[in-house]
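File shown: upload.pdb (PDB, C-alpha atoms).
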```pdb
ATOM      1  CA  MET A   1      37.001  79.989 102.717  1.00  0.00           C
ATOM      2  CA  THR A   2      35.586  83.007 100.906  1.00  0.00           C
ATOM      3  CA  ARG A   3      37.075  86.497 100.968  1.00  0.00           C
ATOM      4  CA  PRO A   4      34.222  87.888 103.095  1.00  0.00           C
ATOM      5  CA  GLU A   5      34.786  85.109 105.648  1.00  0.00           C
ATOM      6  CA  VAL A   6      38.502  85.833 105.736  1.00  0.00           C
ATOM      7  CA  ALA A   7      37.865  89.560 106.112  1.00  0.00           C
ATOM      8  CA  GLU A   8      35.290  88.977 108.849  1.00  0.00           C
ATOM      9  CA  THR A   9      37.620  86.685 110.776  1.00  0.00           C
ATOM     10  CA  ALA A  10      40.492  89.150 110.453  1.00  0.00           C
ATOM     11  CA  HIS A  11      38.227  92.002 111.555  1.00  0.00           C
ATOM     12  CA  GLY A  12      37.153  90.042 114.627  1.00  0.00           C
ATOM     13  CA  TRP A  13      40.757  89.228 115.502  1.00  0.00           C
ATOM     14  CA  ARG A  14      41.798  92.898 115.135  1.00  0.00           C
ATOM     15  CA  ALA A  15      38.921  93.934 117.399  1.00  0.00           C
ATOM     16  CA  LEU A  16      39.943  91.387 120.026  1.00  0.00           C
ATOM     17  CA  PHE A  17      43.570  92.479 119.790  1.00  0.00           C
ATOM     18  CA  THR A  18      42.549  96.155 120.102  1.00  0.00           C
ATOM     19  CA  LEU A  19      40.435  95.436 123.178  1.00  0.00           C
ATOM     20  CA  HIS A  20      43.213  93.396 124.767  1.00  0.00           C
ATOM     21  CA  SER A  21      45.774  96.152 124.148  1.00  0.00           C
ATOM     22  CA  HIS A  22      43.380  98.822 125.443  1.00  0.00           C
ATOM     23  CA  ILE A  23      42.899  96.954 128.710  1.00  0.00           C
ATOM     24  CA  GLU A  24      46.432  95.639 129.128  1.00  0.00           C
ATOM     25  CA  ASP A  25      48.067  99.064 128.744  1.00  0.00           C
ATOM     26  CA  ARG A  26      45.850 100.631 131.396  1.00  0.00           C
ATOM     27  CA  LEU A  27      46.253  97.761 133.847  1.00  0.00           C
ATOM     28  CA  GLU A  28      50.030  97.646 133.390  1.00  0.00           C
ATOM     29  CA  ARG A  29      50.449 101.374 134.082  1.00  0.00           C
ATOM     30  CA  ALA A  30      48.173 101.405 137.135  1.00  0.00           C
ATOM     31  CA  LEU A  31      49.616  98.275 138.739  1.00  0.00           C
ATOM     32  CA  GLN A  32      53.194  99.481 138.201  1.00  0.00           C
ATOM     33  CA  LEU A  33      52.475 102.969 139.489  1.00  0.00           C
ATOM     34  CA  ASP A  34      50.364 102.062 142.508  1.00  0.00           C
ATOM     35  CA  HIS A  35      51.723  98.624 143.510  1.00  0.00           C
ATOM     36  CA  GLN A  36      55.090  98.082 141.803  1.00  0.00           C
ATOM     37  CA  LEU A  37      53.682  94.968 140.115  1.00  0.00           C
ATOM     38  CA  SER A  38      53.611  94.234 136.429  1.00  0.00           C
ATOM     39  CA  LEU A  39      50.410  92.833 134.998  1.00  0.00           C
ATOM     40  CA  SER A  40      52.173  89.486 134.516  1.00  0.00           C
ATOM     41  CA  GLU A  41      53.318  89.486 138.152  1.00  0.00           C
ATOM     42  CA  TYR A  42      49.770  90.281 139.266  1.00  0.00           C
ATOM     43  CA  SER A  43      48.464  87.433 137.070  1.00  0.00           C
ATOM     44  CA  VAL A  44      50.904  84.950 138.603  1.00  0.00           C
ATOM     45  CA  LEU A  45      49.952  85.968 142.151  1.00  0.00           C
ATOM     46  CA  GLU A  46      46.246  85.831 141.282  1.00  0.00           C
ATOM     47  CA  THR A  47      46.627  82.368 139.768  1.00  0.00           C
ATOM     48  CA  LEU A  48      48.509  81.082 142.811  1.00  0.00           C
ATOM     49  CA  ALA A  49      45.993  82.631 145.217  1.00  0.00           C
ATOM     50  CA  LEU A  50      43.057  81.059 143.382  1.00  0.00           C
ATOM     51  CA  ARG A  51      44.625  77.623 143.748  1.00  0.00           C
ATOM     52  CA  ALA A  52      45.926  78.045 147.323  1.00  0.00           C
ATOM     53  CA  PRO A  53      46.632  76.231 149.554  1.00  0.00           C
ATOM     54  CA  GLN A  54      47.745  73.835 146.821  1.00  0.00           C
ATOM     55  CA  TYR A  55      51.007  74.280 144.973  1.00  0.00           C
ATOM     56  CA  VAL A  56      50.933  75.046 141.275  1.00  0.00           C
ATOM     57  CA  ARG A  57      53.410  73.386 138.943  1.00  0.00           C
ATOM     58  CA  MET A  58      55.462  75.756 136.829  1.00  0.00           C
ATOM     59  CA  GLN A  59      54.127  74.237 133.610  1.00  0.00           C
ATOM     60  CA  THR A  60      50.537  74.782 134.749  1.00  0.00           C
ATOM     61  CA  LEU A  61      51.363  78.316 135.868  1.00  0.00           C
ATOM     62  CA  ALA A  62      52.913  79.145 132.485  1.00  0.00           C
ATOM     63  CA  SER A  63      49.755  77.991 130.706  1.00  0.00           C
ATOM     64  CA  ALA A  64      47.455  79.825 133.109  1.00  0.00           C
ATOM     65  CA  VAL A  65      49.204  83.179 132.609  1.00  0.00           C
ATOM     66  CA  ALA A  66      49.872  82.621 128.877  1.00  0.00           C
ATOM     67  CA  LEU A  67      53.657  82.912 129.065  1.00  0.00           C
ATOM     68  CA  SER A  68      56.422  80.692 127.787  1.00  0.00           C
ATOM     69  CA  GLN A  69      58.183  78.367 130.222  1.00  0.00           C
ATOM     70  CA  SER A  70      61.324  80.538 130.189  1.00  0.00           C
ATOM     71  CA  ALA A  71      59.412  83.800 130.694  1.00  0.00           C
ATOM     72  CA  THR A  72      57.480  82.217 133.557  1.00  0.00           C
ATOM     73  CA  THR A  73      60.701  80.992 135.164  1.00  0.00           C
ATOM     74  CA  ARG A  74      62.235  84.482 135.023  1.00  0.00           C
ATOM     75  CA  LEU A  75      59.041  86.060 136.362  1.00  0.00           C
ATOM     76  CA  VAL A  76      58.757  83.550 139.208  1.00  0.00           C
ATOM     77  CA  ALA A  77      62.418  84.121 140.120  1.00  0.00           C
ATOM     78  CA  ARG A  78      61.764  87.889 140.403  1.00  0.00           C
ATOM     79  CA  LEU A  79      58.711  87.304 142.587  1.00  0.00           C
ATOM     80  CA  GLU A  80      60.619  84.820 144.722  1.00  0.00           C
ATOM     81  CA  ARG A  81      63.422  87.366 145.303  1.00  0.00           C
ATOM     82  CA  ARG A  82      60.717  89.755 146.544  1.00  0.00           C
ATOM     83  CA  ASP A  83      59.375  86.993 148.853  1.00  0.00           C
ATOM     84  CA  LEU A  84      55.983  87.061 147.118  1.00  0.00           C
ATOM     85  CA  LEU A  85      56.072  83.353 146.291  1.00  0.00           C
ATOM     86  CA  ILE A  86      58.161  80.270 146.955  1.00  0.00           C
ATOM     87  CA  ARG A  87      59.341  77.450 144.716  1.00  0.00           C
ATOM     88  CA  ARG A  88      59.885  73.879 145.817  1.00  0.00           C
ATOM     89  CA  LEU A  89      60.853  70.664 144.095  1.00  0.00           C
ATOM     90  CA  CYS A  90      57.847  68.489 143.352  1.00  0.00           C
ATOM     91  CA  GLN A  91      57.907  65.478 145.694  1.00  0.00           C
ATOM     92  CA  GLU A  92      56.207  63.215 143.144  1.00  0.00           C
ATOM     93  CA  ASP A  93      58.514  64.188 140.285  1.00  0.00           C
ATOM     94  CA  ARG A  94      61.893  65.674 141.209  1.00  0.00           C
ATOM     95  CA  ARG A  95      62.107  67.301 137.771  1.00  0.00           C
ATOM     96  CA  GLY A  96      59.037  69.435 138.495  1.00  0.00           C
ATOM     97  CA  ILE A  97      58.878  72.703 140.387  1.00  0.00           C
ATOM     98  CA  ASN A  98      55.883  73.760 142.478  1.00  0.00           C
ATOM     99  CA  THR A  99      55.066  77.367 143.311  1.00  0.00           C
ATOM    100  CA  GLU A 100      52.991  78.836 146.120  1.00  0.00           C
ATOM    101  CA  ILE A 101      52.020  82.361 147.087  1.00  0.00           C
ATOM    102  CA  THR A 102      53.492  83.610 150.388  1.00  0.00           C
ATOM    103  CA  ASP A 103      51.766  85.739 153.008  1.00  0.00           C
ATOM    104  CA  ALA A 104      53.626  88.765 151.614  1.00  0.00           C
ATOM    105  CA  GLY A 105      52.429  87.842 148.120  1.00  0.00           C
ATOM    106  CA  GLN A 106      48.847  87.569 149.332  1.00  0.00           C
ATOM    107  CA  ILE A 107      49.127  90.990 150.988  1.00  0.00           C
ATOM    108  CA  ALA A 108      50.531  92.507 147.776  1.00  0.00           C
ATOM    109  CA  LEU A 109      47.767  90.874 145.742  1.00  0.00           C
ATOM    110  CA  ASN A 110      45.047  92.016 148.137  1.00  0.00           C
ATOM    111  CA  GLY A 111      46.371  95.564 147.894  1.00  0.00           C
ATOM    112  CA  ALA A 112      46.440  95.477 144.091  1.00  0.00           C
ATOM    113  CA  ARG A 113      43.053  93.821 143.510  1.00  0.00           C
ATOM    114  CA  PRO A 114      40.949  96.985 143.961  1.00  0.00           C
ATOM    115  CA  THR A 115      43.160  98.844 141.477  1.00  0.00           C
ATOM    116  CA  HIS A 116      42.949  95.969 139.002  1.00  0.00           C
ATOM    117  CA  HIS A 117      39.157  95.823 139.335  1.00  0.00           C
ATOM    118  CA  ARG A 118      38.722  99.599 139.045  1.00  0.00           C
ATOM    119  CA  ILE A 119      40.932  99.937 135.985  1.00  0.00           C
ATOM    120  CA  LEU A 120      39.499  96.836 134.296  1.00  0.00           C
ATOM    121  CA  THR A 121      35.942  98.059 134.858  1.00  0.00           C
ATOM    122  CA  ARG A 122      36.797 101.535 133.558  1.00  0.00           C
ATOM    123  CA  ALA A 123      38.631 100.159 130.501  1.00  0.00           C
ATOM    124  CA  LEU A 124      35.725  97.862 129.646  1.00  0.00           C
ATOM    125  CA  THR A 125      33.243 100.715 130.021  1.00  0.00           C
ATOM    126  CA  GLU A 126      35.327 102.912 127.701  1.00  0.00           C
ATOM    127  CA  ALA A 127      35.724 100.115 125.160  1.00  0.00           C
ATOM    128  CA  GLY A 128      32.021  99.321 125.323  1.00  0.00           C
ATOM    129  CA  ARG A 129      31.280 102.740 123.802  1.00  0.00           C
ATOM    130  CA  ASP A 130      33.067 101.673 120.613  1.00  0.00           C
ATOM    131  CA  ALA A 131      30.622  99.887 118.304  1.00  0.00           C
ATOM    132  CA  THR A 132      33.324  97.491 117.108  1.00  0.00           C
ATOM    133  CA  LEU A 133      34.407  96.524 120.618  1.00  0.00           C
ATOM    134  CA  ALA A 134      30.985  96.552 122.312  1.00  0.00           C
ATOM    135  CA  PRO A 135      30.102  92.919 121.404  1.00  0.00           C
ATOM    136  CA  LEU A 136      33.403  91.704 122.864  1.00  0.00           C
ATOM    137  CA  VAL A 137      32.854  93.712 126.042  1.00  0.00           C
ATOM    138  CA  ALA A 138      29.356  92.267 126.351  1.00  0.00           C
ATOM    139  CA  ALA A 139      30.766  88.752 125.934  1.00  0.00           C
ATOM    140  CA  ILE A 140      33.362  89.384 128.649  1.00  0.00           C
ATOM    141  CA  ARG A 141      30.765  90.738 131.032  1.00  0.00           C
ATOM    142  CA  SER A 142      28.444  87.768 130.455  1.00  0.00           C
ATOM    143  CA  THR A 143      31.119  85.094 130.875  1.00  0.00           C
ATOM    144  CA  PRO A 144      30.351  82.822 133.857  1.00  0.00           C
ATOM    145  CA  ASN A 145      32.732  83.128 136.810  1.00  0.00           C
ATOM    146  CA  GLN A 146      34.868  80.032 136.371  1.00  0.00           C
ATOM    147  CA  PRO A 147      38.579  79.344 136.757  1.00  0.00           C
ATOM    148  CA  ALA A 148      40.655  80.230 133.722  1.00  0.00           C
ATOM    149  CA  PRO A 149      41.632  77.304 131.531  1.00  0.00           C
ATOM    150  CA  THR A 150      45.135  75.992 132.220  1.00  0.00           C
ATOM    151  CA  GLY A 151      45.860  74.417 128.856  1.00  0.00           C
ATOM    152  CA  ARG A 152      46.864  75.984 125.560  1.00  0.00           C
TER     153      ARG A 152
END
```
In C-alpha coordinates, what does this structure look like?
Amino acid sequence: MTRPEVAETAHGWRALFTLHSHIEDRLERALQLDHQLSLSEYSVLETLALRAPQYVRMQTLASAVALSQSATTRLVARLERRDLLIRRLCQEDRRGINTEITDAGQIALNGARPTHHRILTRALTEAGRDATLAPLVAAIRSTPNQPAPTGR
(Lines of atoms letter the chains of each structure in order from A and count residues from 1; the text may use other names and numbers.)
(Lines give C-alpha, C1' and ligand atoms only; values in the text may rest on other atoms or scores of the structure.)
Protein backbone atom coordinates (compact mmCIF):
# COMPACT_ATOMS: atom_id res chain seq x y z
CA MET A 1 0.00 0.00 0.00
CA THR A 2 1.37 3.41 -0.92
CA ARG A 3 1.62 6.38 1.43
CA PRO A 4 -1.15 8.29 -0.37
CA GLU A 5 -3.45 5.27 -0.02
CA VAL A 6 -2.65 5.00 3.67
CA ALA A 7 -3.22 8.72 4.17
CA GLU A 8 -6.49 8.61 2.23
CA THR A 9 -7.77 5.65 4.23
CA ALA A 10 -6.80 7.31 7.51
CA HIS A 11 -8.45 10.55 6.41
CA GLY A 12 -11.67 8.70 5.58
CA TRP A 13 -11.63 6.91 8.93
CA ARG A 14 -11.08 10.21 10.81
CA ALA A 15 -13.98 11.77 8.92
CA LEU A 16 -16.25 8.85 9.78
CA PHE A 17 -15.16 8.98 13.42
CA THR A 18 -15.77 12.76 13.53
CA LEU A 19 -19.25 12.37 12.06
CA HIS A 20 -20.09 9.56 14.47
CA SER A 21 -18.92 11.60 17.47
CA HIS A 22 -20.79 14.69 16.25
CA ILE A 23 -24.05 12.76 16.04
CA GLU A 24 -23.58 10.54 19.08
CA ASP A 25 -22.87 13.45 21.45
CA ARG A 26 -26.00 15.32 20.40
CA LEU A 27 -28.24 12.26 20.56
CA GLU A 28 -26.88 11.21 23.96
CA ARG A 29 -27.51 14.63 25.52
CA ALA A 30 -31.02 15.01 24.10
CA LEU A 31 -32.18 11.50 24.96
CA GLN A 32 -30.81 11.78 28.51
CA LEU A 33 -32.29 15.22 29.08
CA ASP A 34 -35.71 14.66 27.55
CA HIS A 35 -36.31 10.92 28.12
CA GLN A 36 -33.83 9.66 30.73
CA LEU A 37 -32.49 7.16 28.19
CA SER A 38 -28.92 6.76 27.08
CA LEU A 39 -28.28 6.35 23.38
CA SER A 40 -27.34 2.71 24.01
CA GLU A 41 -30.59 2.13 25.91
CA TYR A 42 -32.54 3.72 23.06
CA SER A 43 -30.68 1.49 20.57
CA VAL A 44 -31.55 -1.65 22.53
CA LEU A 45 -35.24 -0.70 22.73
CA GLU A 46 -35.28 0.20 19.02
CA THR A 47 -33.67 -3.12 18.10
CA LEU A 48 -36.15 -5.08 20.21
CA ALA A 49 -39.12 -3.13 18.82
CA LEU A 50 -38.02 -3.73 15.23
CA ARG A 51 -37.95 -7.48 15.85
CA ALA A 52 -41.11 -7.69 18.00
CA PRO A 53 -43.08 -9.79 18.68
CA GLN A 54 -40.13 -12.17 18.44
CA TYR A 55 -37.55 -12.45 21.19
CA VAL A 56 -33.99 -11.40 20.49
CA ARG A 57 -31.11 -13.46 21.82
CA MET A 58 -28.60 -11.54 23.90
CA GLN A 59 -25.77 -12.40 21.51
CA THR A 60 -27.75 -11.04 18.56
CA LEU A 61 -28.69 -7.94 20.54
CA ALA A 62 -25.04 -7.28 21.44
CA SER A 63 -24.06 -7.43 17.77
CA ALA A 64 -26.97 -5.26 16.67
CA VAL A 65 -26.12 -2.44 19.09
CA ALA A 66 -22.32 -2.86 18.72
CA LEU A 67 -21.60 -3.58 22.38
CA SER A 68 -19.66 -6.33 24.07
CA GLN A 69 -21.57 -9.21 25.65
CA SER A 70 -20.81 -7.94 29.16
CA ALA A 71 -21.81 -4.34 28.37
CA THR A 72 -25.03 -5.59 26.79
CA THR A 73 -25.79 -7.73 29.84
CA ARG A 74 -25.34 -4.76 32.19
CA LEU A 75 -27.43 -2.51 29.93
CA VAL A 76 -30.22 -5.08 29.64
CA ALA A 77 -30.24 -5.55 33.42
CA ARG A 78 -30.72 -1.78 33.90
CA LEU A 79 -33.57 -1.72 31.38
CA GLU A 80 -35.15 -4.77 32.98
CA ARG A 81 -35.07 -3.10 36.42
CA ARG A 82 -36.96 -0.19 34.82
CA ASP A 83 -39.48 -2.68 33.35
CA LEU A 84 -38.62 -1.60 29.80
CA LEU A 85 -37.74 -5.13 28.69
CA ILE A 86 -37.84 -8.69 29.96
CA ARG A 87 -35.34 -11.54 29.79
CA ARG A 88 -36.23 -15.20 29.58
CA LEU A 89 -34.28 -18.41 29.22
CA CYS A 90 -34.25 -19.67 25.65
CA GLN A 91 -36.47 -22.77 25.43
CA GLU A 92 -34.37 -24.30 22.65
CA ASP A 93 -31.05 -23.74 24.41
CA ARG A 94 -31.16 -23.26 28.19
CA ARG A 95 -27.79 -21.48 28.04
CA GLY A 96 -29.26 -18.68 25.92
CA ILE A 97 -31.18 -15.65 27.08
CA ASN A 98 -33.95 -14.02 25.04
CA THR A 99 -35.01 -10.40 25.45
CA GLU A 100 -38.25 -8.67 24.54
CA ILE A 101 -39.48 -5.10 24.81
CA THR A 102 -42.34 -4.54 27.28
CA ASP A 103 -45.33 -2.24 26.84
CA ALA A 104 -43.57 0.30 29.08
CA GLY A 105 -40.46 -0.01 26.91
CA GLN A 106 -42.49 0.56 23.76
CA ILE A 107 -44.08 3.65 25.33
CA ALA A 108 -40.65 5.00 26.32
CA LEU A 109 -39.32 4.31 22.83
CA ASN A 110 -42.31 5.92 21.14
CA GLY A 111 -41.81 9.01 23.28
CA ALA A 112 -38.10 9.21 22.46
CA ARG A 113 -38.33 8.54 18.71
CA PRO A 114 -39.32 12.10 17.70
CA THR A 115 -36.40 13.51 19.70
CA HIS A 116 -34.01 10.99 18.16
CA HIS A 117 -35.24 11.81 14.65
CA ARG A 118 -35.12 15.58 15.20
CA ILE A 119 -31.62 15.57 16.66
CA LEU A 120 -30.28 13.09 14.10
CA THR A 121 -31.70 15.14 11.23
CA ARG A 122 -30.29 18.37 12.68
CA ALA A 123 -26.86 16.81 13.32
CA LEU A 124 -26.70 15.42 9.79
CA THR A 125 -27.70 18.78 8.32
CA GLU A 126 -24.98 20.54 10.34
CA ALA A 127 -22.37 17.94 9.37
CA GLY A 128 -23.41 18.12 5.73
CA ARG A 129 -22.17 21.73 5.62
CA ASP A 130 -18.62 20.49 6.27
CA ALA A 131 -16.95 19.58 2.97
CA THR A 132 -15.10 16.67 4.58
CA LEU A 133 -18.23 15.18 6.13
CA ALA A 134 -20.70 15.96 3.33
CA PRO A 135 -19.98 12.77 1.31
CA LEU A 136 -20.59 10.63 4.40
CA VAL A 137 -23.83 12.45 5.16
CA ALA A 138 -24.95 11.94 1.56
CA ALA A 139 -24.16 8.23 1.84
CA ILE A 140 -26.18 7.95 5.05
CA ARG A 141 -29.13 9.74 3.54
CA SER A 142 -29.09 7.53 0.43
CA THR A 143 -28.82 4.23 2.30
CA PRO A 144 -31.86 2.01 1.65
CA ASN A 145 -34.16 1.45 4.63
CA GLN A 146 -33.17 -2.05 5.69
CA PRO A 147 -32.64 -3.70 9.07
CA ALA A 148 -29.21 -3.15 10.56
CA PRO A 149 -26.81 -6.05 10.18
CA THR A 150 -26.61 -8.27 13.26
CA GLY A 151 -23.15 -9.71 12.74
CA ARG A 152 -19.74 -8.21 13.35
key: Spatial neighbours of Thr60 (chain A), 12 Å, all atoms listed in the file, chain gap at least 3 places, as number ranges by chain   = A: 44, 47-48, 51, 55-57, 63-69, 72-73, 96-99, 148-152
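Minimum atom-to-atom distance to Ser21 (chain A), evaluated using all atoms listed in the file, belongs to A:Leu120 out of A:Ala112, A:Ala131, A:Leu120, A:Leu45.
For the file shown, the residue list from the PyMOL selection byres ((chain A and resi 34) around 12) reads A:Leu27, A:Glu28, A:Arg29, A:Ala30, A:Leu31, A:Gln32, A:Leu33, A:His35, A:Gln36, A:Leu37, A:Ser38, A:Leu39, A:Ala108, A:Leu109, A:Gly111, A:Ala112, A:Arg113, A:Pro114, A:Thr115, A:His116, A:Ile119.
Of the residues under consideration (A:Ala15, A:Ala138, A:Met58, A:Ala7), A:Met58 shows the shortest atom-to-atom contact distance to Leu89 (chain A) when counting all atoms listed in the file.
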remark   = From CA of Leu75 (chain A) to CA of Asp25 (chain A) the spacing works out at 18.6 Å
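A straight line drawn from CA of Tyr42 (chain A) to CA of Gln106 (chain A) is 10.5 Å long.
Considering all atoms listed in the file, the residue among A:Ala62, A:Ala77, A:Leu133, A:Ala139 positioned nearest to Gly12 (chain A) is A:Leu133.
Here CA of Gln91 (chain A) is placed at a distance of 23.3 Å from CA of Arg78 (chain A).
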Quick one: region 83-94 of chain A with all heavy atoms, as a PDB file, in the frame of the given file?
```
ATOM      1  N   ASP A  83      60.091  87.788 147.846  1.00  0.00           N
ATOM      2  CA  ASP A  83      59.375  86.993 148.853  1.00  0.00           C
ATOM      3  C   ASP A  83      57.868  86.981 148.663  1.00  0.00           C
ATOM      4  O   ASP A  83      57.112  86.862 149.631  1.00  0.00           O
ATOM      5  CB  ASP A  83      59.726  87.479 150.273  1.00  0.00           C
ATOM      6  CG  ASP A  83      61.176  87.266 150.622  1.00  0.00           C
ATOM      7  OD1 ASP A  83      61.721  86.206 150.234  1.00  0.00           O
ATOM      8  OD2 ASP A  83      61.775  88.161 151.256  1.00  0.00           O
ATOM      9  N   LEU A  84      57.414  87.082 147.402  1.00  0.00           N
ATOM     10  CA  LEU A  84      55.983  87.061 147.118  1.00  0.00           C
ATOM     11  C   LEU A  84      55.481  85.654 146.782  1.00  0.00           C
ATOM     12  O   LEU A  84      54.281  85.404 146.804  1.00  0.00           O
ATOM     13  CB  LEU A  84      55.650  88.034 145.990  1.00  0.00           C
ATOM     14  CG  LEU A  84      56.022  89.500 146.271  1.00  0.00           C
ATOM     15  CD1 LEU A  84      55.690  90.372 145.081  1.00  0.00           C
ATOM     16  CD2 LEU A  84      55.331  90.010 147.530  1.00  0.00           C
ATOM     17  N   LEU A  85      56.416  84.763 146.505  1.00  0.00           N
ATOM     18  CA  LEU A  85      56.072  83.353 146.291  1.00  0.00           C
ATOM     19  C   LEU A  85      57.292  82.515 146.631  1.00  0.00           C
ATOM     20  O   LEU A  85      58.387  83.032 146.808  1.00  0.00           O
ATOM     21  CB  LEU A  85      55.578  83.090 144.865  1.00  0.00           C
ATOM     22  CG  LEU A  85      56.493  83.381 143.679  1.00  0.00           C
ATOM     23  CD1 LEU A  85      57.590  82.353 143.503  1.00  0.00           C
ATOM     24  CD2 LEU A  85      55.662  83.444 142.427  1.00  0.00           C
ATOM     25  N   ILE A  86      57.054  81.212 146.722  1.00  0.00           N
ATOM     26  CA  ILE A  86      58.161  80.270 146.955  1.00  0.00           C
ATOM     27  C   ILE A  86      58.082  79.172 145.908  1.00  0.00           C
ATOM     28  O   ILE A  86      57.002  78.856 145.390  1.00  0.00           O
ATOM     29  CB  ILE A  86      58.143  79.662 148.379  1.00  0.00           C
ATOM     30  CG1 ILE A  86      56.800  78.981 148.666  1.00  0.00           C
ATOM     31  CG2 ILE A  86      58.454  80.716 149.423  1.00  0.00           C
ATOM     32  CD1 ILE A  86      56.774  78.217 149.969  1.00  0.00           C
ATOM     33  N   ARG A  87      59.252  78.596 145.620  1.00  0.00           N
ATOM     34  CA  ARG A  87      59.341  77.450 144.716  1.00  0.00           C
ATOM     35  C   ARG A  87      59.907  76.281 145.508  1.00  0.00           C
ATOM     36  O   ARG A  87      60.784  76.461 146.349  1.00  0.00           O
ATOM     37  CB  ARG A  87      60.285  77.737 143.552  1.00  0.00           C
ATOM     38  CG  ARG A  87      59.769  78.707 142.560  1.00  0.00           C
ATOM     39  CD  ARG A  87      60.697  78.837 141.380  1.00  0.00           C
ATOM     40  NE  ARG A  87      61.868  79.634 141.722  1.00  0.00           N
ATOM     41  CZ  ARG A  87      62.806  79.978 140.864  1.00  0.00           C
ATOM     42  NH1 ARG A  87      62.733  79.570 139.616  1.00  0.00           N
ATOM     43  NH2 ARG A  87      63.832  80.703 141.243  1.00  0.00           N
ATOM     44  N   ARG A  88      59.395  75.106 145.191  1.00  0.00           N
ATOM     45  CA  ARG A  88      59.885  73.879 145.817  1.00  0.00           C
ATOM     46  C   ARG A  88      59.920  72.776 144.773  1.00  0.00           C
ATOM     47  O   ARG A  88      59.093  72.756 143.861  1.00  0.00           O
ATOM     48  CB  ARG A  88      58.966  73.439 146.951  1.00  0.00           C
ATOM     49  CG  ARG A  88      58.956  74.396 148.112  1.00  0.00           C
ATOM     50  CD  ARG A  88      58.345  73.724 149.331  1.00  0.00           C
ATOM     51  NE  ARG A  88      58.429  74.621 150.461  1.00  0.00           N
ATOM     52  CZ  ARG A  88      57.388  75.115 151.109  1.00  0.00           C
ATOM     53  NH1 ARG A  88      56.182  74.760 150.755  1.00  0.00           N
ATOM     54  NH2 ARG A  88      57.550  75.914 152.135  1.00  0.00           N
ATOM     55  N   LEU A  89      60.843  71.836 144.957  1.00  0.00           N
ATOM     56  CA  LEU A  89      60.853  70.664 144.095  1.00  0.00           C
ATOM     57  C   LEU A  89      59.580  69.862 144.331  1.00  0.00           C
ATOM     58  O   LEU A  89      59.119  69.711 145.466  1.00  0.00           O
ATOM     59  CB  LEU A  89      62.060  69.779 144.392  1.00  0.00           C
ATOM     60  CG  LEU A  89      63.390  70.245 143.842  1.00  0.00           C
ATOM     61  CD1 LEU A  89      64.507  69.312 144.305  1.00  0.00           C
ATOM     62  CD2 LEU A  89      63.354  70.302 142.324  1.00  0.00           C
ATOM     63  N   CYS A  90      59.025  69.342 143.273  1.00  0.00           N
ATOM     64  CA  CYS A  90      57.847  68.489 143.352  1.00  0.00           C
ATOM     65  C   CYS A  90      58.251  67.155 143.974  1.00  0.00           C
ATOM     66  O   CYS A  90      59.200  66.516 143.515  1.00  0.00           O
ATOM     67  CB  CYS A  90      57.276  68.287 141.951  1.00  0.00           C
ATOM     68  SG  CYS A  90      55.868  67.186 141.888  1.00  0.00           S
ATOM     69  N   GLN A  91      57.572  66.734 145.021  1.00  0.00           N
ATOM     70  CA  GLN A  91      57.907  65.478 145.694  1.00  0.00           C
ATOM     71  C   GLN A  91      57.615  64.260 144.821  1.00  0.00           C
ATOM     72  O   GLN A  91      58.319  63.265 144.898  1.00  0.00           O
ATOM     73  CB  GLN A  91      57.128  65.362 147.014  1.00  0.00           C
ATOM     74  CG  GLN A  91      57.505  66.410 148.038  1.00  0.00           C
ATOM     75  CD  GLN A  91      58.987  66.356 148.389  1.00  0.00           C
ATOM     76  OE1 GLN A  91      59.532  65.302 148.649  1.00  0.00           O
ATOM     77  NE2 GLN A  91      59.642  67.516 148.369  1.00  0.00           N
ATOM     78  N   GLU A  92      56.579  64.339 143.987  1.00  0.00           N
ATOM     79  CA  GLU A  92      56.207  63.215 143.144  1.00  0.00           C
ATOM     80  C   GLU A  92      57.128  63.077 141.930  1.00  0.00           C
ATOM     81  O   GLU A  92      57.304  61.987 141.397  1.00  0.00           O
ATOM     82  CB  GLU A  92      54.757  63.366 142.638  1.00  0.00           C
ATOM     83  CG  GLU A  92      53.712  63.418 143.730  1.00  0.00           C
ATOM     84  CD  GLU A  92      53.563  64.824 144.319  1.00  0.00           C
ATOM     85  OE1 GLU A  92      53.658  65.820 143.577  1.00  0.00           O
ATOM     86  OE2 GLU A  92      53.375  64.907 145.538  1.00  0.00           O
ATOM     87  N   ASP A  93      57.678  64.186 141.484  1.00  0.00           N
ATOM     88  CA  ASP A  93      58.514  64.188 140.285  1.00  0.00           C
ATOM     89  C   ASP A  93      59.614  65.220 140.499  1.00  0.00           C
ATOM     90  O   ASP A  93      59.383  66.416 140.357  1.00  0.00           O
ATOM     91  CB  ASP A  93      57.661  64.538 139.057  1.00  0.00           C
ATOM     92  CG  ASP A  93      58.467  64.650 137.783  1.00  0.00           C
ATOM     93  OD1 ASP A  93      59.689  64.393 137.801  1.00  0.00           O
ATOM     94  OD2 ASP A  93      57.867  65.003 136.751  1.00  0.00           O
ATOM     95  N   ARG A  94      60.783  64.777 140.854  1.00  0.00           N
ATOM     96  CA  ARG A  94      61.893  65.674 141.209  1.00  0.00           C
ATOM     97  C   ARG A  94      62.286  66.627 140.085  1.00  0.00           C
ATOM     98  O   ARG A  94      63.014  67.573 140.311  1.00  0.00           O
ATOM     99  CB  ARG A  94      63.120  64.858 141.639  1.00  0.00           C
ATOM    100  CG  ARG A  94      62.921  64.154 142.948  1.00  0.00           C
ATOM    101  CD  ARG A  94      63.073  65.155 144.027  1.00  0.00           C
ATOM    102  NE  ARG A  94      63.039  64.509 145.320  1.00  0.00           N
ATOM    103  CZ  ARG A  94      63.014  65.170 146.432  1.00  0.00           C
ATOM    104  NH1 ARG A  94      63.034  66.464 146.431  1.00  0.00           N
ATOM    105  NH2 ARG A  94      62.958  64.541 147.581  1.00  0.00           N
TER     106      ARG A  94
END
```
